[in-house]
>>> print(open('protein.tsv').read())   # TSV, C-alpha atoms
chain	number	residue	atom	x	y	z
F	1	MET	CA	115.61	53.95	161.40
F	2	ARG	CA	116.86	53.46	164.95
F	3	LYS	CA	113.81	55.01	166.59
F	4	LYS	CA	114.54	54.33	170.23
F	5	PRO	CA	118.07	55.73	170.47
F	6	LEU	CA	117.01	59.01	168.81
F	7	ASP	CA	114.11	59.38	171.25
F	8	ASN	CA	116.55	59.99	174.05
F	9	ALA	CA	119.42	61.39	172.04
F	10	PRO	CA	121.15	64.26	173.83
F	11	CYS	CA	120.39	66.59	170.91
F	12	PRO	CA	116.96	68.27	171.11
F	13	ILE	CA	116.75	68.36	167.30
F	14	ALA	CA	117.24	64.59	167.20
F	15	ARG	CA	114.60	64.08	169.89
F	16	THR	CA	112.17	66.22	167.96
F	17	VAL	CA	112.61	64.56	164.59
F	18	ALA	CA	112.45	61.14	166.26
F	19	ARG	CA	108.93	62.15	167.27
F	20	ILE	CA	107.69	64.05	164.25
F	21	GLY	CA	110.42	63.53	161.63
F	22	ASP	CA	108.13	61.88	159.17
F	23	ALA	CA	106.33	63.55	156.34
F	24	TRP	CA	102.93	62.16	157.32
F	25	SER	CA	103.17	63.25	160.93
F	26	VAL	CA	103.99	66.81	159.88
F	27	LEU	CA	101.07	66.81	157.43
F	28	ILE	CA	98.71	65.42	160.09
F	29	LEU	CA	99.70	68.34	162.33
F	30	ARG	CA	99.15	70.76	159.45
F	31	GLU	CA	95.65	69.28	159.01
F	32	ALA	CA	94.97	69.60	162.72
F	33	PHE	CA	95.79	73.32	162.48
F	34	TYR	CA	93.22	73.57	159.66
F	35	GLY	CA	90.65	72.18	162.10
F	36	THR	CA	90.61	68.59	160.88
F	37	ALA	CA	89.81	66.35	163.85
F	38	ARG	CA	88.13	63.10	162.80
F	39	PHE	CA	89.86	60.01	161.54
F	40	ASP	CA	87.96	59.88	158.26
F	41	GLU	CA	88.58	63.59	157.65
F	42	PHE	CA	92.35	63.12	158.02
F	43	GLU	CA	92.14	60.07	155.78
F	44	LYS	CA	90.27	61.93	153.07
F	45	SER	CA	92.30	65.15	153.20
F	46	LEU	CA	95.67	63.44	153.12
F	47	GLY	CA	94.89	60.39	151.00
F	48	ILE	CA	96.74	58.30	153.57
F	49	ALA	CA	96.20	54.58	154.20
F	50	PRO	CA	94.13	53.96	157.37
F	51	ASN	CA	96.78	51.79	159.06
F	52	MET	CA	99.49	54.42	158.49
F	53	LEU	CA	97.17	57.15	159.72
F	54	ALA	CA	96.21	55.17	162.84
F	55	ARG	CA	99.83	54.51	163.71
F	56	ARG	CA	100.84	58.16	163.35
F	57	LEU	CA	97.83	59.53	165.21
F	58	GLY	CA	98.63	57.09	168.00
F	59	ALA	CA	102.24	58.27	168.14
F	60	LEU	CA	101.25	61.94	168.16
F	61	VAL	CA	98.83	61.23	171.04
F	62	GLU	CA	101.54	59.32	172.89
F	63	GLU	CA	104.00	62.19	172.44
F	64	GLY	CA	101.45	64.65	173.77
F	65	LEU	CA	100.86	66.67	170.58
F	66	LEU	CA	97.30	65.50	170.02
F	67	GLU	CA	94.54	64.61	172.46
F	68	ARG	CA	92.11	61.80	171.67
F	69	ARG	CA	88.54	62.68	172.59
F	70	SER	CA	85.34	60.71	172.30
F	71	TYR	CA	82.67	62.43	170.23
F	72	CYS	CA	80.25	59.54	169.89
F	73	GLU	CA	79.57	56.67	172.29
F	74	ARG	CA	77.64	54.33	170.02
F	75	PRO	CA	79.45	53.50	167.86
F	76	PRO	CA	82.62	54.62	169.68
F	77	ARG	CA	84.21	57.44	167.68
F	78	PHE	CA	87.14	59.70	168.52
F	79	GLU	CA	88.53	62.96	167.36
F	80	TYR	CA	92.10	64.24	167.62
F	81	VAL	CA	92.74	67.80	168.69
F	82	LEU	CA	95.96	69.74	169.24
F	83	THR	CA	97.24	70.01	172.80
F	84	PRO	CA	99.20	73.09	173.94
F	85	ARG	CA	102.38	71.18	173.00
F	86	GLY	CA	100.92	70.52	169.56
F	87	ARG	CA	99.84	74.13	169.08
F	88	ASP	CA	103.34	75.23	170.06
F	89	PHE	CA	104.56	73.37	166.95
F	90	ARG	CA	103.04	76.04	164.70
F	91	PRO	CA	106.26	78.10	164.34
F	92	VAL	CA	107.98	74.99	162.94
F	93	LEU	CA	105.23	74.59	160.33
F	94	LEU	CA	105.44	78.29	159.46
F	95	THR	CA	109.22	78.21	158.96
F	96	LEU	CA	108.79	75.09	156.80
F	97	LEU	CA	106.08	76.90	154.84
F	98	ALA	CA	108.24	79.98	154.29
F	99	TRP	CA	111.23	77.90	153.20
F	100	GLY	CA	109.04	75.85	150.86
F	101	ASN	CA	107.57	79.02	149.36
F	102	ARG	CA	111.03	80.45	148.78
F	103	HIS	CA	112.57	77.36	147.23
F	104	PHE	CA	109.93	75.03	145.87
F	105	ALA	CA	107.10	77.15	144.52
F	106	PRO	CA	108.21	78.07	140.96
F	107	GLU	CA	104.61	78.61	139.88
F	108	GLY	CA	103.87	81.07	142.70
F	109	GLU	CA	102.66	80.73	146.27
F	110	SER	CA	99.70	78.50	147.04
F	111	ILE	CA	99.58	79.32	150.72
F	112	GLN	CA	100.49	82.61	152.30
F	113	LEU	CA	100.73	83.81	155.86
F	114	ILE	CA	98.49	86.84	156.19
F	115	GLU	CA	98.17	89.33	159.01
F	116	ARG	CA	94.52	89.30	160.01
F	117	GLU	CA	94.26	92.96	160.88
F	118	THR	CA	95.90	94.45	157.80
F	119	GLY	CA	95.52	91.68	155.22
F	120	ALA	CA	99.22	92.08	154.46
F	121	ARG	CA	101.36	89.11	153.48
F	122	ALA	CA	103.82	88.27	156.27
F	123	GLU	CA	107.31	86.85	155.85
F	124	PRO	CA	108.33	85.03	159.01
F	125	MET	CA	111.80	85.63	160.39
F	126	LEU	CA	113.44	84.60	163.65
F	127	VAL	CA	114.33	87.09	166.35
F	128	ASP	CA	115.29	86.68	169.98
F	129	ALA	CA	112.18	86.99	172.13
F	130	ALA	CA	113.91	89.10	174.77
F	131	SER	CA	116.06	91.48	172.72
F	132	GLY	CA	114.10	91.46	169.46
F	133	ARG	CA	117.35	91.12	167.55
F	134	ALA	CA	117.43	89.07	164.34
F	135	ILE	CA	118.88	85.56	164.63
F	136	THR	CA	121.42	84.80	161.90
F	137	GLU	CA	124.49	82.63	161.47
F	138	THR	CA	126.63	85.70	162.01
F	139	THR	CA	124.98	86.77	165.24
F	140	HIS	CA	123.93	83.53	166.95
F	141	VAL	CA	125.69	80.22	167.50
F	142	LEU	CA	124.73	76.85	168.96
F	143	LEU	CA	126.64	76.03	172.13
F	144	PRO	CA	126.42	73.31	174.77
F	145	GLY	CA	123.89	73.90	177.55
F	146	PRO	CA	124.02	72.76	181.17
F	147	ALA	CA	122.82	69.23	180.32
F	148	ALA	CA	125.31	68.65	177.49
F	149	SER	CA	127.38	65.49	177.56
F	150	GLU	CA	131.15	65.63	177.33
F	151	ARG	CA	130.99	64.49	173.70
F	152	MET	CA	128.42	67.09	172.68
F	153	ARG	CA	130.32	69.81	174.54
F	154	GLU	CA	133.43	68.93	172.58
F	155	ARG	CA	131.63	68.76	169.22
F	156	LEU	CA	129.72	72.01	169.58
F	157	CYS	CA	132.76	73.89	170.79
F	158	ARG	CA	134.80	72.57	167.89
F	159	ALA	CA	132.02	73.52	165.45
F	160	ALA	CA	131.74	77.00	166.94
F	161	GLY	CA	135.51	77.44	167.15
F	162	GLU	CA	135.79	78.61	163.56
F	163	ARG	CA	134.25	81.92	164.58
F	164	PRO	CA	134.79	84.28	167.49
F	165	MET	CA	133.41	82.89	170.74
F	166	PRO	CA	131.10	84.85	173.01
F	167	PRO	CA	132.70	86.35	176.10
F	168	VAL	CA	132.34	84.35	179.29
F	169	ASN	CA	129.58	85.64	181.54
F	170	SER	CA	126.81	84.28	183.71
F	171	ASN	CA	124.62	83.59	180.69
F	172	THR	CA	127.26	81.62	178.87
F	173	PRO	CA	126.31	77.99	179.31
F	174	ASP	CA	129.86	76.71	179.37
F	175	PRO	CA	132.76	78.88	180.42
F	176	GLU	CA	135.19	76.14	179.40
F	177	CYS	CA	133.94	76.25	175.86
W	1	MET	CA	105.02	56.75	151.47
W	2	ARG	CA	103.78	58.21	148.19
W	3	LYS	CA	106.91	60.25	147.55
W	4	LYS	CA	106.16	61.53	144.07
W	5	PRO	CA	102.72	63.03	144.60
W	6	LEU	CA	103.92	64.97	147.67
W	7	ASP	CA	106.87	66.34	145.70
W	8	ASN	CA	104.52	68.38	143.60
W	9	ALA	CA	101.69	68.75	146.06
W	10	PRO	CA	100.13	72.22	145.96
W	11	CYS	CA	100.97	72.75	149.64
W	12	PRO	CA	104.49	74.13	150.25
W	13	ILE	CA	104.66	72.32	153.60
W	14	ALA	CA	103.97	69.02	151.83
W	15	ARG	CA	106.61	69.78	149.21
W	16	THR	CA	109.13	70.56	151.89
W	17	VAL	CA	108.56	67.48	154.02
W	18	ALA	CA	108.58	65.32	150.89
W	19	ARG	CA	112.15	66.52	150.44
W	20	ILE	CA	113.46	66.59	153.99
W	21	GLY	CA	110.65	65.01	156.03
W	22	ASP	CA	112.81	62.25	157.33
W	23	ALA	CA	114.69	62.19	160.60
W	24	TRP	CA	118.01	61.29	159.01
W	25	SER	CA	117.89	64.05	156.41
W	26	VAL	CA	117.24	66.65	159.10
W	27	LEU	CA	120.11	65.29	161.18
W	28	ILE	CA	122.44	65.28	158.16
W	29	LEU	CA	121.61	68.96	157.67
W	30	ARG	CA	122.27	69.61	161.36
W	31	GLU	CA	125.68	67.94	160.97
W	32	ALA	CA	126.42	70.02	157.89
W	33	PHE	CA	125.79	73.17	159.93
W	34	TYR	CA	128.32	71.86	162.47
W	35	GLY	CA	130.84	71.73	159.64
W	36	THR	CA	130.69	68.01	158.92
W	37	ALA	CA	131.41	67.48	155.22
W	38	ARG	CA	132.91	64.07	154.49
W	39	PHE	CA	131.01	60.84	154.09
W	40	ASP	CA	132.86	59.01	156.85
W	41	GLU	CA	132.43	61.95	159.23
W	42	PHE	CA	128.63	61.93	158.72
W	43	GLU	CA	128.65	58.17	159.16
W	44	LYS	CA	130.58	58.34	162.41
W	45	SER	CA	128.72	61.31	163.91
W	46	LEU	CA	125.28	59.95	163.18
W	47	GLY	CA	125.87	56.21	163.49
W	48	ILE	CA	123.93	55.77	160.27
W	49	ALA	CA	124.30	52.83	157.87
W	50	PRO	CA	126.37	53.74	154.77
W	51	ASN	CA	123.64	52.85	152.28
W	52	MET	CA	121.07	54.99	154.12
W	53	LEU	CA	123.53	57.85	154.35
W	54	ALA	CA	124.45	57.62	150.65
W	55	ARG	CA	120.79	57.67	149.62
W	56	ARG	CA	119.98	60.69	151.75
W	57	LEU	CA	123.08	62.65	150.77
W	58	GLY	CA	122.18	61.97	147.14
W	59	ALA	CA	118.64	63.25	147.66
W	60	LEU	CA	119.83	66.38	149.45
W	61	VAL	CA	122.24	67.07	146.56
W	62	GLU	CA	119.46	66.47	144.04
W	63	GLU	CA	117.15	68.86	145.88
W	64	GLY	CA	119.83	71.53	145.92
W	65	LEU	CA	120.48	71.67	149.68
W	66	LEU	CA	123.96	70.20	149.54
W	67	GLU	CA	126.69	70.48	146.94
W	68	ARG	CA	128.99	67.53	146.21
W	69	ARG	CA	132.62	68.58	145.78
W	70	SER	CA	135.70	66.55	145.01
W	71	TYR	CA	138.42	66.89	147.61
W	72	CYS	CA	140.69	64.09	146.43
W	73	GLU	CA	141.22	62.72	142.92
W	74	ARG	CA	143.02	59.48	143.72
W	75	PRO	CA	141.16	57.79	145.21
W	76	PRO	CA	138.08	59.83	144.22
W	77	ARG	CA	136.61	61.37	147.38
W	78	PHE	CA	133.82	63.88	147.81
W	79	GLU	CA	132.55	66.22	150.46
W	80	TYR	CA	129.08	67.64	150.92
W	81	VAL	CA	128.63	71.30	151.76
W	82	LEU	CA	125.54	73.41	152.29
W	83	THR	CA	124.31	75.47	149.35
W	84	PRO	CA	122.53	78.82	149.92
W	85	ARG	CA	119.24	76.87	149.83
W	86	GLY	CA	120.62	74.50	152.47
W	87	ARG	CA	121.87	77.34	154.66
W	88	ASP	CA	118.44	78.95	154.39
W	89	PHE	CA	117.09	75.87	156.20
W	90	ARG	CA	118.72	76.98	159.47
W	91	PRO	CA	115.60	78.76	160.83
W	92	VAL	CA	113.70	75.46	160.53
W	93	LEU	CA	116.39	73.69	162.57
W	94	LEU	CA	116.35	76.47	165.16
W	95	THR	CA	112.57	76.35	165.60
W	96	LEU	CA	112.81	72.56	165.92
W	97	LEU	CA	115.57	73.01	168.49
W	98	ALA	CA	113.58	75.53	170.51
W	99	TRP	CA	110.47	73.36	170.48
W	100	GLY	CA	112.52	70.30	171.47
W	101	ASN	CA	114.12	72.22	174.32
W	102	ARG	CA	110.72	73.36	175.58
W	103	HIS	CA	109.01	69.98	175.41
W	104	PHE	CA	111.51	67.15	175.42
W	105	ALA	CA	114.41	68.20	177.61
W	106	PRO	CA	113.31	67.29	181.16
W	107	GLU	CA	116.94	67.03	182.32
W	108	GLY	CA	117.83	70.53	181.08
W	109	GLU	CA	119.06	71.94	177.79
W	110	SER	CA	121.93	70.22	175.99
W	111	ILE	CA	122.13	72.76	173.19
W	112	GLN	CA	121.40	76.44	173.44
W	113	LEU	CA	121.27	79.24	170.94
W	114	ILE	CA	123.67	81.92	172.13
W	115	GLU	CA	124.16	85.47	170.91
W	116	ARG	CA	127.83	85.75	169.98
W	117	GLU	CA	128.29	89.33	171.04
W	118	THR	CA	126.69	89.19	174.47
W	119	GLY	CA	126.88	85.48	175.31
W	120	ALA	CA	123.18	85.66	176.24
W	121	ARG	CA	120.88	82.71	175.66
W	122	ALA	CA	118.43	83.48	172.85
W	123	GLU	CA	114.86	82.20	172.56
W	124	PRO	CA	113.81	82.25	168.90
W	125	MET	CA	110.38	83.64	168.05
W	126	LEU	CA	108.74	84.45	164.74
W	127	VAL	CA	108.03	87.99	163.63
W	128	ASP	CA	107.07	89.48	160.30
W	129	ALA	CA	110.24	90.64	158.54
W	130	ALA	CA	108.65	93.88	157.30
W	131	SER	CA	106.60	95.02	160.28
W	132	GLY	CA	108.52	93.29	163.09
W	133	ARG	CA	105.21	92.24	164.63
W	134	ALA	CA	104.99	88.87	166.40
W	135	ILE	CA	103.37	86.06	164.44
W	136	THR	CA	100.77	84.17	166.48
W	137	GLU	CA	97.58	82.23	165.82
W	138	THR	CA	95.61	85.27	166.89
W	139	THR	CA	97.35	87.70	164.59
W	140	HIS	CA	98.25	85.68	161.49
W	141	VAL	CA	96.33	83.18	159.40
W	142	LEU	CA	97.14	80.91	156.45
W	143	LEU	CA	95.23	81.88	153.32
W	144	PRO	CA	95.34	80.80	149.68
W	145	GLY	CA	97.93	82.57	147.53
W	146	PRO	CA	97.78	83.37	143.82
W	147	ALA	CA	98.80	79.84	142.79
W	148	ALA	CA	96.25	78.05	144.99
W	149	SER	CA	94.04	75.45	143.39
W	150	GLU	CA	90.27	75.64	143.72
W	151	ARG	CA	90.31	72.85	146.29
W	152	MET	CA	93.01	74.48	148.43
W	153	ARG	CA	91.27	77.83	148.20
W	154	GLU	CA	88.10	76.26	149.51
W	155	ARG	CA	89.84	74.37	152.32
W	156	LEU	CA	91.92	77.27	153.58
W	157	CYS	CA	88.99	79.64	153.50
W	158	ARG	CA	86.85	77.16	155.40
W	159	ALA	CA	89.64	76.66	157.96
W	160	ALA	CA	90.11	80.41	158.37
W	161	GLY	CA	86.38	81.08	158.45
W	162	GLU	CA	86.08	80.34	162.13
W	163	ARG	CA	87.82	83.61	162.89
W	164	PRO	CA	87.44	87.16	161.60
W	165	MET	CA	88.80	87.48	158.07
W	166	PRO	CA	91.23	90.18	157.00
W	167	PRO	CA	89.75	93.10	155.10
W	168	VAL	CA	90.03	92.94	151.34
W	169	ASN	CA	92.89	95.03	149.98
W	170	SER	CA	95.59	94.78	147.36
W	171	ASN	CA	97.72	92.57	149.58
W	172	THR	CA	94.96	90.10	150.21
W	173	PRO	CA	95.73	87.13	148.00
W	174	ASP	CA	92.12	86.19	147.40
W	175	PRO	CA	89.35	88.75	147.60
W	176	GLU	CA	86.77	85.99	147.19
W	177	CYS	CA	87.98	84.27	150.28
>>> encode(input="protein.tsv", output="structure tokens")
Amino acid sequence: MRKKPLDNAPCPIARTVARIGDAWSVLILREAFYGTARFDEFEKSLGIAPNMLARRLGALVEEGLLERRSYCERPPRFEYVLTPRGRDFRPVLLTLLAWGNRHFAPEGESIQLIERETGARAEPMLVDAASGRAITETTHVLLPGPAASERMRERLCRAAGERPMPPVNSNTPDPEC
Amino acid sequence: MRKKPLDNAPCPIARTVARIGDAWSVLILREAFYGTARFDEFEKSLGIAPNMLARRLGALVEEGLLERRSYCERPPRFEYVLTPRGRDFRPVLLTLLAWGNRHFAPEGESIQLIERETGARAEPMLVDAASGRAITETTHVLLPGPAASERMRERLCRAAGERPMPPVNSNTPDPEC
């Protein structure tokens, strides 16, 4: 995989998967949300080879999702805890979980998202934070933002062109689109 | 990577990333949402080697996210279009996009999610489909479902134990928890 180019790809999805688009990295983050922090705990929970684990923990620290903290001086031992950027990844894990439950759990659900206060099972869905309106393919479209390159502008506009375009106003990122 | 064990791992996140936990697969799905369908179009848009592309398209077809359709008999040519299961992956892409925009777009946003009707920029957030209430670490917790193994039951309960547990009722997946 061409790691470097994707790191600085114009597309934010590409940048994200360049950083965490690896099954092990996603599972390490899942473990971190369960409270796993020490190297040997990650190793045991995931059944991952130490060299692969070390490389991925290092990358997640470098990308600012985990923080490496000393918990023992002699011998030197470290634990890995989620940073605010890492904690902010939780919605991605929850949408993955919901999709996995819907499509790849023929025997029933092994993990469920539960509302603490009521004990009710929750089904995550996406809405716009400001308006509260549901986000669907019918209602919402991906369009070029202010930092889009010429090429991306052209591609996104062409992709969106099959459906009615939003009216031009101050919130529209690209009036030319 | 131990592909097979993760395929049938009890955790739905593990099952999901075993299937699409690869940067290229996620980007192929992104392209499919832009309307890309033909092999050479994917190849050109992504700058991916043909053998890598063929392998990933094959896997996405096998997992039921893409459907392979003939569009020319002589010579035989195929296109790859999203199935309902593939289209249902869009919320995962949108949460990835939002997270990427928040954390890895120092020069500004290249892609934005726009409400068609108003042209307003949307910021996706997770709510419960039934109650409409926001899903956060404070309000919602991951707990074992009916199909959870003994080991997963124990792990999730231990992980959740640091915070107040939901009251036991008929919706609670595991009254023992």
>>> residues_around(input="protein.tsv", residues="segment 140-150 of chain F", least_positions_apart="2", cutoff="8 Å", atoms="only C-alpha atoms", output="PyMOL selection string")
(chain F and resi 10+135-138+152-154+156-157+160+173-174) or (chain W and resi 107-116)
>>> atom_distance(input="protein.tsv", atom1="atom CA of Ser131 of chain W", atom2="atom CA of Asp128 of chain F")
15.5 Å
>>> closest_residue(input="protein.tsv", among="W:Val92, W:Pro84, W:Arg38, W:Ser70", to="Val17 of chain W", atoms="only C-alpha atoms")
W:Val92
>>> atom_distance(input="protein.tsv", atom1="atom CA of Pro91 of chain W", atom2="atom CA of Ala49 of chain W")
27.5 Å
>>> closest_residue(input="protein.tsv", among="F:Gly86, F:Gly35, F:Thr95, F:Arg102", to="Glu63 of chain F", atoms="all atoms listed in the file")
F:Gly86
>>> closest_residue(input="protein.tsv", among="W:Ala105, W:Ala134, W:Ala54, W:Ala159", to="Asp7 of chain F", atoms="only C-alpha atoms")
W:Ala105
>>> axis_aligned_box(input="protein.tsv", around="segment 76-92 of chain W", padding_each_side="4 Å", output="lines of an AutoDock Vina configuration file")
center_x = 125.9
center_y = 69.4
center_z = 152.5
size_x = 32.4
size_y = 27.1
size_z = 24.6
>>> closest_residue(input="protein.tsv", among="W:Lys44, W:Arg90, W:Arg69, W:Arg56", to="chain F", atoms="all atoms listed in the file")
W:Arg90
>>> atom_distance(input="protein.tsv", atom1="atom CA of Trp99 of chain W", atom2="atom CA of Phe89 of chain F")
6.9 Å
>>> closest_residue(input="protein.tsv", among="W:Cys72, W:Ala98, W:Ala14, W:Leu29", to="Ala129 of chain F", atoms="all atoms listed in the file")
W:Ala98
>>> residues_around(input="protein.tsv", residues="Leu97 of chain F", least_positions_apart="2", cutoff="8 Å", atoms="all atoms listed in the file", output="ChimeraX atom specification")
/F:93-95,99-101 /W:12-13,16
>>> closest_residue(input="protein.tsv", among="F:Leu66, F:Ala59, F:Pro50, F:Ser25", to="chain W", atoms="only C-alpha atoms")
F:Ser25
>>> residues_around(input="protein.tsv", residues="Glu41 of chain F", least_positions_apart="3", cutoff="12 Å", atoms="all atoms listed in the file", output="list in words")
Ile28, Glu31, Ala32, Tyr34, Gly35, Thr36, Ala37, Arg38, Lys44, Ser45, Leu46, Gly47, Ile48, Pro50, Leu53, Phe78, Glu79 and Tyr80 of chain F
